[in-house]
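model34.txt, holding compact mmCIF, C-alpha atoms:
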```txt
# COMPACT_ATOMS: atom_id res chain seq x y z
CA MET C 977 135.36 -109.83 -62.01
CA LYS C 978 133.10 -107.83 -64.34
CA LYS C 979 130.14 -108.44 -62.04
CA ARG C 980 132.13 -107.26 -59.01
CA TYR C 981 133.31 -104.14 -60.87
CA LYS C 982 129.76 -103.35 -61.94
CA MET C 983 128.51 -103.71 -58.36
CA LEU C 984 131.20 -101.39 -57.01
CA MET C 985 130.51 -98.81 -59.70
CA GLN C 986 126.80 -98.91 -58.90
CA ALA C 987 127.62 -98.42 -55.21
CA ALA C 988 129.82 -95.43 -56.01
CA LEU C 989 127.00 -93.89 -58.06
CA CYS C 990 124.61 -94.44 -55.15
CA VAL C 991 126.96 -92.58 -52.82
CA LEU C 992 127.18 -89.66 -55.23
CA LEU C 993 123.40 -89.43 -55.59
CA LEU C 994 122.84 -89.74 -51.85
CA CYS C 995 125.30 -86.95 -51.17
CA LEU C 996 123.14 -84.75 -53.36
CA VAL C 997 119.76 -85.61 -51.84
CA LEU C 998 120.37 -86.48 -48.18
CA PRO C 999 120.59 -83.88 -45.42
CA SER C 1000 124.17 -83.23 -44.42
CA CYS C 1001 125.30 -84.41 -41.00
CA THR C 1002 128.46 -82.36 -41.15
CA CYS C 1003 127.97 -79.11 -39.30
CA LYS C 1004 128.34 -76.58 -42.11
CA ASP C 1005 129.62 -73.87 -39.77
CA THR C 1006 132.45 -76.06 -38.53
CA ALA C 1007 133.03 -78.36 -41.52
CA GLN C 1008 136.35 -76.65 -42.15
CA LYS C 1009 137.42 -77.85 -38.69
CA GLY C 1010 136.68 -81.45 -39.57
CA TRP C 1011 133.63 -82.01 -37.38
CA GLU C 1012 131.51 -84.90 -38.60
CA LEU C 1013 128.71 -86.92 -37.08
CA SER C 1014 129.02 -90.67 -37.01
CA LEU C 1015 126.85 -93.50 -35.72
CA GLN C 1016 127.95 -96.32 -33.41
CA SER C 1017 126.10 -99.35 -34.72
CA TYR C 1018 125.49 -100.55 -31.15
CA THR C 1019 122.74 -97.91 -31.11
CA PHE C 1020 120.81 -100.38 -33.29
CA HIS C 1021 122.12 -103.65 -31.85
CA LYS C 1022 118.56 -104.95 -31.56
CA PHE C 1023 118.49 -104.80 -35.35
CA THR C 1024 120.89 -106.33 -37.87
CA LEU C 1025 123.86 -104.43 -39.24
CA LEU C 1026 122.18 -104.24 -42.63
CA GLU C 1027 119.16 -102.66 -40.93
CA ALA C 1028 121.52 -100.25 -39.15
CA PHE C 1029 122.77 -99.15 -42.59
CA ASP C 1030 119.14 -98.42 -43.51
CA LYS C 1031 118.61 -96.37 -40.35
CA ALA C 1032 121.80 -94.40 -40.94
CA GLN C 1033 120.57 -93.60 -44.43
CA GLU C 1034 117.21 -92.52 -43.02
CA LEU C 1035 119.00 -90.16 -40.64
CA GLY C 1036 121.37 -88.83 -43.29
CA ILE C 1037 124.43 -90.05 -41.37
CA THR C 1038 127.24 -91.08 -43.69
CA ASN C 1039 129.80 -92.43 -41.19
CA MET C 1040 129.54 -95.51 -38.99
CA GLU C 1041 131.58 -97.17 -36.27
CA VAL C 1042 130.57 -100.83 -36.22
CA PHE C 1043 130.76 -102.80 -33.01
CA PRO C 1044 132.39 -106.25 -33.30
CA GLY C 1045 129.64 -108.71 -32.60
CA HIS C 1046 126.84 -106.96 -34.49
CA LYS C 1047 124.70 -109.59 -36.26
CA ILE C 1048 124.90 -108.84 -39.96
CA GLY C 1049 121.59 -110.21 -41.24
CA GLY C 1050 120.63 -110.81 -44.85
CA LYS C 1051 122.38 -113.83 -46.34
CA TRP C 1052 124.80 -113.80 -43.37
CA GLY C 1053 121.99 -114.39 -40.89
CA ASP C 1054 123.31 -114.43 -37.31
CA GLN C 1055 126.96 -114.24 -38.37
CA MET C 1056 128.63 -111.38 -36.51
CA PHE C 1057 130.76 -108.55 -37.82
CA GLY C 1058 134.40 -109.06 -36.90
CA TYR C 1059 137.83 -110.15 -38.03
CA ASP C 1060 136.58 -113.65 -38.93
CA LEU C 1061 134.75 -112.25 -41.98
CA ASP C 1062 136.11 -113.69 -45.22
CA ASP C 1063 137.53 -111.39 -47.88
CA ALA C 1064 134.48 -111.62 -50.13
CA SER C 1065 132.13 -110.65 -47.28
CA ARG C 1066 134.30 -107.68 -46.38
CA LYS C 1067 134.09 -106.34 -49.92
CA GLU C 1068 130.39 -107.06 -50.21
CA LEU C 1069 129.56 -105.32 -46.93
CA LEU C 1070 131.53 -102.26 -48.04
CA ALA C 1071 129.50 -102.18 -51.24
CA LEU C 1072 126.19 -102.63 -49.39
CA ALA C 1073 127.09 -99.83 -46.97
CA ALA C 1074 128.05 -97.58 -49.89
CA GLU C 1075 124.68 -98.20 -51.52
CA LYS C 1076 123.16 -96.61 -48.40
CA GLY C 1077 125.65 -93.73 -48.47
CA VAL C 1078 127.53 -95.09 -45.45
CA ARG C 1079 131.28 -95.37 -44.83
CA ILE C 1080 132.52 -97.72 -42.13
CA VAL C 1081 135.11 -95.41 -40.56
CA GLY C 1082 135.89 -97.45 -37.46
CA CYS C 1083 135.21 -100.59 -35.44
CA GLY C 1084 134.93 -101.12 -31.72
CA VAL C 1085 134.99 -101.33 -28.84
CA PHE C 1086 137.60 -104.07 -29.30
CA VAL C 1087 139.34 -105.76 -26.37
CA SER C 1088 141.96 -108.51 -26.52
CA ASP C 1089 145.19 -109.51 -24.79
CA LYS C 1090 146.35 -111.67 -27.73
CA ALA C 1091 148.77 -110.26 -30.30
CA GLU C 1092 147.39 -112.46 -33.08
CA GLU C 1093 143.87 -111.09 -32.53
CA TRP C 1094 145.14 -107.52 -32.75
CA GLU C 1095 146.85 -108.41 -36.02
CA LYS C 1096 143.56 -109.79 -37.35
CA MET C 1097 141.68 -106.69 -36.24
CA PHE C 1098 144.14 -104.39 -37.98
CA ARG C 1099 143.88 -106.47 -41.14
CA LEU C 1100 140.09 -106.12 -41.02
CA ALA C 1101 140.42 -102.36 -40.52
CA LYS C 1102 142.87 -102.03 -43.40
CA ASP C 1103 140.84 -104.23 -45.76
CA MET C 1104 137.71 -102.16 -45.06
CA ASN C 1105 139.47 -98.77 -45.29
CA MET C 1106 138.77 -97.85 -41.66
CA GLU C 1107 140.42 -94.82 -40.12
CA TYR C 1108 140.60 -96.10 -36.56
CA ILE C 1109 139.86 -98.88 -34.10
CA SER C 1110 138.12 -97.95 -30.86
CA CYS C 1111 139.33 -100.25 -28.12
CA GLU C 1112 140.54 -100.81 -24.57
CA PRO C 1113 143.96 -102.50 -24.87
CA PRO C 1114 145.32 -104.29 -21.81
CA VAL C 1115 148.47 -102.53 -20.60
CA GLU C 1116 150.70 -105.45 -21.54
CA VAL C 1117 149.89 -105.26 -25.29
CA TRP C 1118 150.61 -101.56 -25.86
CA ASP C 1119 153.89 -102.22 -27.67
CA ILE C 1120 152.28 -104.47 -30.30
CA VAL C 1121 149.26 -102.17 -30.67
CA GLU C 1122 151.53 -99.17 -31.27
CA GLN C 1123 153.61 -101.11 -33.80
CA LEU C 1124 150.53 -102.24 -35.71
CA ALA C 1125 149.05 -98.74 -35.71
CA GLU C 1126 152.23 -97.28 -37.19
CA LYS C 1127 152.66 -100.13 -39.68
CA ASN C 1128 149.10 -99.80 -41.00
CA HIS C 1129 148.64 -96.03 -40.47
CA ILE C 1130 145.41 -96.69 -38.58
CA GLY C 1131 144.46 -94.74 -35.47
CA ILE C 1132 143.76 -96.19 -32.05
CA ALA C 1133 140.96 -94.50 -30.11
CA VAL C 1134 140.84 -95.76 -26.52
CA HIS C 1135 137.39 -95.93 -24.98
CA ASN C 1136 136.62 -95.36 -21.30
CA HIS C 1137 134.10 -97.84 -19.94
CA PRO C 1138 133.24 -97.40 -16.23
CA GLN C 1139 135.30 -98.99 -13.48
CA PRO C 1140 136.85 -101.53 -13.38
CA SER C 1141 137.84 -100.55 -16.93
CA THR C 1142 141.55 -99.77 -17.17
CA TYR C 1143 140.90 -96.34 -18.70
CA TRP C 1144 137.88 -95.03 -16.79
CA ASN C 1145 139.90 -91.96 -15.75
CA PRO C 1146 141.71 -89.98 -18.52
CA GLN C 1147 144.94 -89.83 -16.54
CA LEU C 1148 145.14 -93.62 -16.66
CA LEU C 1149 145.13 -93.40 -20.46
CA LEU C 1150 147.66 -90.57 -20.58
CA ASP C 1151 149.97 -92.61 -18.36
CA GLN C 1152 150.05 -95.26 -21.10
CA ILE C 1153 150.12 -93.23 -24.32
CA GLY C 1154 151.68 -89.91 -23.29
CA GLN C 1155 155.12 -90.86 -24.67
CA ARG C 1156 153.84 -93.00 -27.54
CA SER C 1157 152.80 -92.39 -31.15
CA GLU C 1158 150.31 -89.63 -31.93
CA LEU C 1159 148.27 -92.32 -33.68
CA LEU C 1160 147.18 -93.40 -30.20
CA GLY C 1161 144.45 -91.33 -28.60
CA SER C 1162 141.08 -91.27 -26.90
CA CYS C 1163 137.59 -92.31 -27.91
CA ALA C 1164 136.04 -90.02 -25.32
CA ASP C 1165 132.75 -91.30 -23.92
CA VAL C 1166 131.51 -88.20 -22.11
CA GLY C 1167 128.55 -90.01 -20.56
CA HIS C 1168 130.66 -92.63 -18.78
CA TRP C 1169 132.91 -89.95 -17.29
CA ASN C 1170 129.96 -88.14 -15.77
CA ARG C 1171 128.40 -91.35 -14.46
CA GLU C 1172 131.72 -92.12 -12.75
CA GLY C 1173 131.59 -88.83 -10.89
CA LEU C 1174 134.23 -87.14 -13.06
CA ASP C 1175 133.91 -83.65 -14.53
CA HIS C 1176 133.51 -84.49 -18.21
CA LEU C 1177 134.59 -81.00 -19.31
CA ASP C 1178 137.76 -81.31 -17.24
CA CYS C 1179 138.36 -84.74 -18.79
CA LEU C 1180 138.15 -83.23 -22.27
CA ARG C 1181 140.64 -80.54 -21.26
CA ARG C 1182 143.09 -83.07 -19.83
CA LEU C 1183 143.05 -85.03 -23.09
CA GLU C 1184 143.61 -82.00 -25.30
CA GLY C 1185 145.53 -83.02 -28.40
CA ARG C 1186 144.87 -86.74 -27.92
CA ILE C 1187 141.13 -86.96 -28.61
CA HIS C 1188 140.65 -88.90 -31.83
CA SER C 1189 136.89 -89.42 -31.65
CA LEU C 1190 134.01 -89.19 -29.22
CA HIS C 1191 131.08 -91.28 -28.12
CA PHE C 1192 129.03 -88.12 -27.80
CA LYS C 1193 125.81 -87.91 -25.84
CA ASP C 1194 123.68 -86.26 -23.19
CA ILE C 1195 122.33 -88.13 -20.16
CA ILE C 1196 119.89 -87.70 -17.31
CA GLY C 1197 121.16 -86.68 -13.88
CA PRO C 1198 121.58 -88.93 -10.82
CA GLN C 1199 118.45 -90.86 -9.93
CA PRO C 1200 117.32 -91.24 -6.29
CA ASP C 1201 116.45 -94.88 -6.82
CA GLY C 1202 119.82 -95.64 -8.42
CA GLN C 1203 118.34 -96.42 -11.83
CA GLU C 1204 120.48 -96.27 -14.95
CA ARG C 1205 121.35 -92.76 -16.11
CA HIS C 1206 120.29 -93.29 -19.70
CA ASP C 1207 120.82 -91.17 -22.79
CA VAL C 1208 118.47 -88.32 -23.63
CA ILE C 1209 118.06 -86.01 -26.60
CA TRP C 1210 121.04 -83.68 -26.77
CA GLY C 1211 120.44 -80.46 -24.87
CA GLN C 1212 117.89 -82.04 -22.52
CA GLY C 1213 120.31 -83.64 -20.06
CA VAL C 1214 123.03 -82.61 -17.62
CA LEU C 1215 126.16 -82.68 -19.80
CA ASP C 1216 125.86 -79.16 -21.24
CA VAL C 1217 126.41 -80.10 -24.87
CA LYS C 1218 127.12 -76.52 -25.94
CA ALA C 1219 129.88 -76.20 -23.34
CA MET C 1220 131.49 -79.40 -24.64
CA LEU C 1221 131.33 -78.14 -28.22
CA THR C 1222 132.85 -74.84 -27.16
CA GLU C 1223 135.72 -76.64 -25.44
CA LEU C 1224 136.36 -78.87 -28.45
CA LYS C 1225 136.32 -75.84 -30.73
CA ARG C 1226 138.91 -74.19 -28.47
CA GLN C 1227 141.07 -77.30 -28.83
CA ASN C 1228 140.70 -77.24 -32.64
CA PHE C 1229 139.40 -80.80 -32.38
CA SER C 1230 138.98 -82.56 -35.71
CA GLY C 1231 137.21 -85.89 -35.82
CA TYR C 1232 133.98 -87.81 -35.35
CA PHE C 1233 131.14 -87.08 -32.95
CA THR C 1234 129.84 -90.64 -32.80
CA ILE C 1235 126.24 -90.97 -31.73
CA GLU C 1236 125.84 -93.93 -29.39
CA TYR C 1237 122.25 -93.49 -28.28
CA GLU C 1238 121.50 -95.99 -25.52
CA HIS C 1239 117.81 -95.49 -24.85
CA ASN C 1240 114.48 -96.17 -26.61
CA TRP C 1241 116.25 -99.08 -28.23
CA GLU C 1242 113.34 -100.14 -30.42
CA ASN C 1243 112.50 -96.69 -31.76
CA SER C 1244 115.41 -94.31 -31.29
CA VAL C 1245 115.47 -92.76 -34.77
CA PRO C 1246 113.15 -89.84 -33.83
CA ASP C 1247 115.30 -89.05 -30.77
CA ILE C 1248 118.52 -89.23 -32.79
CA ARG C 1249 117.07 -86.92 -35.42
CA GLN C 1250 116.47 -84.33 -32.68
CA CYS C 1251 120.07 -84.80 -31.49
CA ILE C 1252 121.30 -84.07 -35.02
CA ASP C 1253 119.12 -80.97 -35.24
CA TYR C 1254 120.43 -79.73 -31.88
CA PHE C 1255 124.03 -80.33 -32.95
CA ASN C 1256 123.58 -78.41 -36.19
CA GLN C 1257 121.81 -75.54 -34.44
CA ALA C 1258 124.51 -75.34 -31.75
CA CYS C 1259 127.21 -75.32 -34.42
CA ALA C 1260 125.41 -72.56 -36.30
CA GLU C 1261 125.27 -70.46 -33.15
CA MET C 1262 128.97 -71.02 -32.54
CA GLY C 1263 129.72 -69.85 -36.06
CA GLU C 1264 127.99 -66.50 -35.59
```
Reformat the file's structure so that it appears as structure tokens.
Amino acid sequence: MKKRYKMLMQAALCVLLLCLVLPSCTCKDTAQKGWELSLQSYTFHKFTLLEAFDKAQELGITNMEVFPGHKIGGKWGDQMFGYDLDDASRKELLALAAEKGVRIVGCGVFVSDKAEEWEKMFRLAKDMNMEYISCEPPVEVWDIVEQLAEKNHIGIAVHNHPQPSTYWNPQLLLDQIGQRSELLGSCADVGHWNREGLDHLDCLRRLEGRIHSLHFKDIIGPQPDGQERHDVIWGQGVLDVKAMLTELKRQNFSGYFTIEYEHNWENSVPDIRQCIDYFNQACAEMGE
């Protein structure tokens, strides 16, 4: 017990020191509105989760959404992050993340049609002090998901993978949650909307008041050879990042801009650093 207490206290001290020395990834001009950058660990899925903590620290990002299935590394080896983690591992991973100045604020994208698996996922989220679960619940489990969200006071942020995903169009999500708890909302992936031929700005408008978090990005335009429309450094693609920020400011959005950078998998840190710089500069301009 004394050893565990000492480890947690050391982790807390590390967080305090890192807050003093690391560059802030909260846009200072909009911090009062609750805008914070986060990192989806899938960005570094070719590395272990422990290595992803290191990369978040290098970037000065203090929030992380971990994808279930990320290999943990270290003494856990190929064991994957998820609700099968034992209690001791959950506590130890929280302490290791804290040593790097990282909070695990969410987990996803989670998909299951089994009530018992949702219960396990909510227990994981509660044990690890998460704020939300990003997910794509099958229509038939909405009642249990809503009940668990209200019981545990944990948000549900519904992601929009491309078709045939159930929620590829925002109206399909609103049809399911429009009359349900405010704890249920959207994890808005602006890139997927655009790739599906939707107007991503219009999608943001339609979800006003129900956006809990974003998988935020910029992407290249349509390719004549049909190749994948991959991520690019923010401000260099077709999504008009500043227009999206302006719309979210109009909505008084408060939440996480989660960086899920799906390109240059082996060496994306330099690109992500430029995305952070662009975000901070755009926020500064909006604050003028």
Report task. Using all atoms listed in the file, determine which residues lie at most 9 Å from Ala1125 (chain C), disregarding the query and same-chain residues fewer than 3 positions distant; provide the list as a ChimeraX atom specification. Result -> /C:1098,1108,1120-1122,1128-1132,1157,1159-1160
Pull the closest atom pair for each residue of region 1167-1234 of chain C that gets at most 12 Å from region 1008-1020 of chain C, along with the distance in Å to one decimal, counting only C-alpha atoms, ordering rows by chain and then ascending residue number, as JSON lines.
```
{"residue": "C:His1188", "atom": "CA", "partner": "C:Trp1011", "partner_atom": "CA", "distance": 11.3}
{"residue": "C:Ser1189", "atom": "CA", "partner": "C:Ser1014", "partner_atom": "CA", "distance": 9.6}
{"residue": "C:Leu1190", "atom": "CA", "partner": "C:Ser1014", "partner_atom": "CA", "distance": 9.4}
{"residue": "C:His1191", "atom": "CA", "partner": "C:Gln1016", "partner_atom": "CA", "distance": 7.9}
{"residue": "C:Phe1192", "atom": "CA", "partner": "C:Leu1013", "partner_atom": "CA", "distance": 9.4}
{"residue": "C:Lys1193", "atom": "CA", "partner": "C:Leu1015", "partner_atom": "CA", "distance": 11.4}
{"residue": "C:Asp1207", "atom": "CA", "partner": "C:Thr1019", "partner_atom": "CA", "distance": 10.9}
{"residue": "C:Leu1221", "atom": "CA", "partner": "C:Trp1011", "partner_atom": "CA", "distance": 10.2}
{"residue": "C:Leu1224", "atom": "CA", "partner": "C:Trp1011", "partner_atom": "CA", "distance": 9.9}
{"residue": "C:Lys1225", "atom": "CA", "partner": "C:Lys1009", "partner_atom": "CA", "distance": 8.3}
{"residue": "C:Arg1226", "atom": "CA", "partner": "C:Lys1009", "partner_atom": "CA", "distance": 11.0}
{"residue": "C:Gln1227", "atom": "CA", "partner": "C:Lys1009", "partner_atom": "CA", "distance": 10.5}
{"residue": "C:Asn1228", "atom": "CA", "partner": "C:Lys1009", "partner_atom": "CA", "distance": 6.9}
{"residue": "C:Phe1229", "atom": "CA", "partner": "C:Lys1009", "partner_atom": "CA", "distance": 7.2}
{"residue": "C:Ser1230", "atom": "CA", "partner": "C:Gly1010", "partner_atom": "CA", "distance": 4.6}
{"residue": "C:Gly1231", "atom": "CA", "partner": "C:Trp1011", "partner_atom": "CA", "distance": 5.5}
{"residue": "C:Tyr1232", "atom": "CA", "partner": "C:Glu1012", "partner_atom": "CA", "distance": 5.0}
{"residue": "C:Phe1233", "atom": "CA", "partner": "C:Leu1013", "partner_atom": "CA", "distance": 4.8}
{"residue": "C:Thr1234", "atom": "CA", "partner": "C:Ser1014", "partner_atom": "CA", "distance": 4.3}
```
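For the set C:Asp1119, C:Asp1103, C:Glu1112, C:Glu1075, the residue with the smallest atom-to-atom gap to His1137 (chain C) is C:Glu1112, counting only C-alpha atoms.
The interatomic distance for the pair CA of Val1117 (chain C) and CA of Ser1088 (chain C) works out to 8.7 Å.
Taking only C-alpha atoms into account, Gln1199 (chain C) lies nearest to C:Arg1171 out of the set C:Glu1041, C:Cys1083, C:Leu1183, C:Arg1171.
Taking CA of Asp1062 (chain C) and CA of His1135 (chain C) as the two end points, the separation is 27.0 Å.
Between Arg1066 (chain C) and the candidates C:Leu1100, C:Ile1187, C:Cys1251, C:Ile1037, the tightest atom-to-atom separation, counting only C-alpha atoms, involves C:Leu1100.
Residues lying within 10 Å of Gln1139 (chain C), counting all atoms listed in the file and ignoring same-chain neighbours fewer than 6 positions away, are Asn1145, His1168 and Glu1172 of chain C.
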Using the selection just defined, write its residues with C-alpha atoms as a short mmCIF file (atom, residue, chain, number, x, y, z; two decimals), in the frame of the given file.
```
data_model
loop_
_atom_site.label_atom_id
_atom_site.label_comp_id
_atom_site.auth_asym_id
_atom_site.auth_seq_id
_atom_site.Cartn_x
_atom_site.Cartn_y
_atom_site.Cartn_z
CA ASN C 1145 139.90 -91.96 -15.75
CA HIS C 1168 130.66 -92.63 -18.78
CA GLU C 1172 131.72 -92.12 -12.75
#
```
Query - Distance of CA of Pro1138 (chain C) from CA of Trp1169 (chain C), expressed in Å to one decimal place - result: 7.5 Å
Would you mind completing region 1195-1208 of chain C so that it carries N, CA, C and O atoms, and writing it out as a PDB file, in the frame of the given file?
```
ATOM      1  N   ILE C1195     122.935 -87.130 -21.040  1.00  0.00           N
ATOM      2  CA  ILE C1195     122.330 -88.130 -20.160  1.00  0.00           C
ATOM      3  C   ILE C1195     121.530 -87.447 -19.058  1.00  0.00           C
ATOM      4  O   ILE C1195     121.718 -86.271 -18.767  1.00  0.00           O
ATOM      5  N   ILE C1196     120.649 -88.225 -18.444  1.00  0.00           N
ATOM      6  CA  ILE C1196     119.890 -87.700 -17.310  1.00  0.00           C
ATOM      7  C   ILE C1196     120.800 -87.623 -16.084  1.00  0.00           C
ATOM      8  O   ILE C1196     121.847 -88.274 -16.018  1.00  0.00           O
ATOM      9  N   GLY C1197     120.388 -86.831 -15.099  1.00  0.00           N
ATOM     10  CA  GLY C1197     121.160 -86.680 -13.880  1.00  0.00           C
ATOM     11  C   GLY C1197     120.994 -87.868 -12.946  1.00  0.00           C
ATOM     12  O   GLY C1197     120.259 -88.821 -13.245  1.00  0.00           O
ATOM     13  N   PRO C1198     121.680 -87.834 -11.801  1.00  0.00           N
ATOM     14  CA  PRO C1198     121.580 -88.930 -10.820  1.00  0.00           C
ATOM     15  C   PRO C1198     120.132 -89.175 -10.410  1.00  0.00           C
ATOM     16  O   PRO C1198     119.347 -88.244 -10.228  1.00  0.00           O
ATOM     17  N   GLN C1199     119.802 -90.451 -10.280  1.00  0.00           N
ATOM     18  CA  GLN C1199     118.450 -90.860  -9.930  1.00  0.00           C
ATOM     19  C   GLN C1199     118.394 -91.325  -8.477  1.00  0.00           C
ATOM     20  O   GLN C1199     119.259 -92.096  -8.031  1.00  0.00           O
ATOM     21  N   PRO C1200     117.388 -90.886  -7.716  1.00  0.00           N
ATOM     22  CA  PRO C1200     117.320 -91.240  -6.290  1.00  0.00           C
ATOM     23  C   PRO C1200     117.180 -92.733  -6.047  1.00  0.00           C
ATOM     24  O   PRO C1200     117.601 -93.241  -5.016  1.00  0.00           O
ATOM     25  N   ASP C1201     116.623 -93.441  -7.002  1.00  0.00           N
ATOM     26  CA  ASP C1201     116.450 -94.880  -6.820  1.00  0.00           C
ATOM     27  C   ASP C1201     117.605 -95.686  -7.411  1.00  0.00           C
ATOM     28  O   ASP C1201     117.567 -96.909  -7.467  1.00  0.00           O
ATOM     29  N   GLY C1202     118.646 -94.963  -7.896  1.00  0.00           N
ATOM     30  CA  GLY C1202     119.820 -95.640  -8.420  1.00  0.00           C
ATOM     31  C   GLY C1202     119.636 -96.244  -9.797  1.00  0.00           C
ATOM     32  O   GLY C1202     120.474 -97.034 -10.251  1.00  0.00           O
ATOM     33  N   GLN C1203     118.567 -95.883 -10.500  1.00  0.00           N
ATOM     34  CA  GLN C1203     118.340 -96.420 -11.830  1.00  0.00           C
ATOM     35  C   GLN C1203     119.399 -95.915 -12.803  1.00  0.00           C
ATOM     36  O   GLN C1203     120.077 -94.916 -12.567  1.00  0.00           O
ATOM     37  N   GLU C1204     119.489 -96.613 -13.925  1.00  0.00           N
ATOM     38  CA  GLU C1204     120.480 -96.270 -14.950  1.00  0.00           C
ATOM     39  C   GLU C1204     120.284 -94.837 -15.440  1.00  0.00           C
ATOM     40  O   GLU C1204     119.160 -94.393 -15.666  1.00  0.00           O
ATOM     41  N   ARG C1205     121.385 -94.127 -15.586  1.00  0.00           N
ATOM     42  CA  ARG C1205     121.350 -92.760 -16.110  1.00  0.00           C
ATOM     43  C   ARG C1205     121.461 -92.837 -17.628  1.00  0.00           C
ATOM     44  O   ARG C1205     122.537 -92.725 -18.201  1.00  0.00           O
ATOM     45  N   HIS C1206     120.313 -92.996 -18.266  1.00  0.00           N
ATOM     46  CA  HIS C1206     120.290 -93.290 -19.700  1.00  0.00           C
ATOM     47  C   HIS C1206     120.464 -92.029 -20.546  1.00  0.00           C
ATOM     48  O   HIS C1206     120.404 -90.898 -20.075  1.00  0.00           O
ATOM     49  N   ASP C1207     120.682 -92.263 -21.828  1.00  0.00           N
ATOM     50  CA  ASP C1207     120.820 -91.170 -22.790  1.00  0.00           C
ATOM     51  C   ASP C1207     119.500 -90.425 -22.933  1.00  0.00           C
ATOM     52  O   ASP C1207     118.410 -91.006 -22.779  1.00  0.00           O
ATOM     53  N   VAL C1208     119.628 -89.135 -23.270  1.00  0.00           N
ATOM     54  CA  VAL C1208     118.470 -88.320 -23.630  1.00  0.00           C
ATOM     55  C   VAL C1208     118.837 -87.501 -24.863  1.00  0.00           C
ATOM     56  O   VAL C1208     120.002 -87.445 -25.277  1.00  0.00           O
TER      57      VAL C1208
END
```
